[in-house]
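J.: I'd like to ask some things about the structure below.
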Amino acid sequence: MAEVNLREFLSSDMLLLALVLLAGIAGSGVARWAFGQAGFPTVGDIVYVMGYGGMVVVLWYGWIRPLDIRGPG
């Protein structure tokens, strides 16, 4: 069985993906909660949608769009 050390597992692409996911999901969720607690629930909703939607766009543009997923010619 091949050994994979932590440095190989957490390559720059994997680390960047983890950071984008963390910021897009947890970051925008915490910001939404904070705005809601401060009395601005609408602003919190907008921040959450923009953060989550921005994460989806970044993931699509950076990882999914470059894939060549055509069938056999």
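Letters A, B, ... mark the chains of the structure tokens in the order given; residue numbers begin at 1 per chain; ligand numbers begin at 1, in order shown.
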Which residues, written as a VMD selection string, have at least one atom at most 10 Å from Leu21 of chain A, with only C-alpha atoms counted and residues fewer than 2 positions away on the same chain left out?

T.: chain A and resid 15 to 19 23 to 27 52 55 to 56 58 to 59

J.: Among segment 20-67 of chain A, which ones does DSSP assign to alpha helix (DSSP H) (computed from the backbone)? Answer as a short mmCIF file (atom, residue, chain, number, x, y, z; two decimals) with C-alpha atoms, in the first residue's frame.

T.:
data_model
loop_
_atom_site.label_atom_id
_atom_site.label_comp_id
_atom_site.auth_asym_id
_atom_site.auth_seq_id
_atom_site.Cartn_x
_atom_site.Cartn_y
_atom_site.Cartn_z
CA VAL A 20 -12.45 28.43 -0.38
CA LEU A 21 -14.98 25.98 1.05
CA SER A 28 -20.56 33.55 5.21
CA GLY A 29 -22.66 31.63 7.75
CA VAL A 30 -20.90 33.26 10.70
CA ALA A 31 -21.20 36.68 9.05
CA ARG A 32 -24.93 36.06 8.49
CA TRP A 33 -25.36 35.08 12.14
CA ALA A 34 -23.42 38.15 13.32
CA PHE A 35 -25.52 40.52 11.24
CA GLY A 36 -28.67 38.81 12.48
CA GLN A 37 -27.56 39.22 16.10
CA PRO A 41 -31.11 40.09 9.27
CA THR A 42 -31.65 41.27 5.69
CA VAL A 43 -28.02 42.35 5.38
CA GLY A 44 -27.03 38.99 6.86
CA ASP A 45 -29.07 37.15 4.27
CA ILE A 46 -27.49 39.16 1.45
CA VAL A 47 -23.99 38.51 2.83
CA TYR A 48 -24.72 34.79 3.07
CA VAL A 49 -26.08 34.54 -0.47
CA MET A 50 -23.18 36.56 -1.90
CA GLY A 51 -20.59 34.53 0.04
CA TYR A 52 -22.06 31.15 -0.81
CA GLY A 53 -22.74 32.14 -4.42
CA GLY A 54 -19.26 33.57 -4.76
CA MET A 55 -17.80 30.30 -3.49
CA VAL A 56 -19.80 28.36 -6.10
CA VAL A 57 -18.56 30.65 -8.88
CA VAL A 58 -14.93 30.37 -7.71
CA LEU A 59 -15.17 26.57 -7.52
#

J.: Rounded to one decimal place, report the atom CA of Tyr61 of chain A-atom CA of Ser12 of chain A distance in Å.

T.: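 So the two atoms, atom CA of Tyr61 of chain A and atom CA of Ser12 of chain A, lie 16.9 Å apart.
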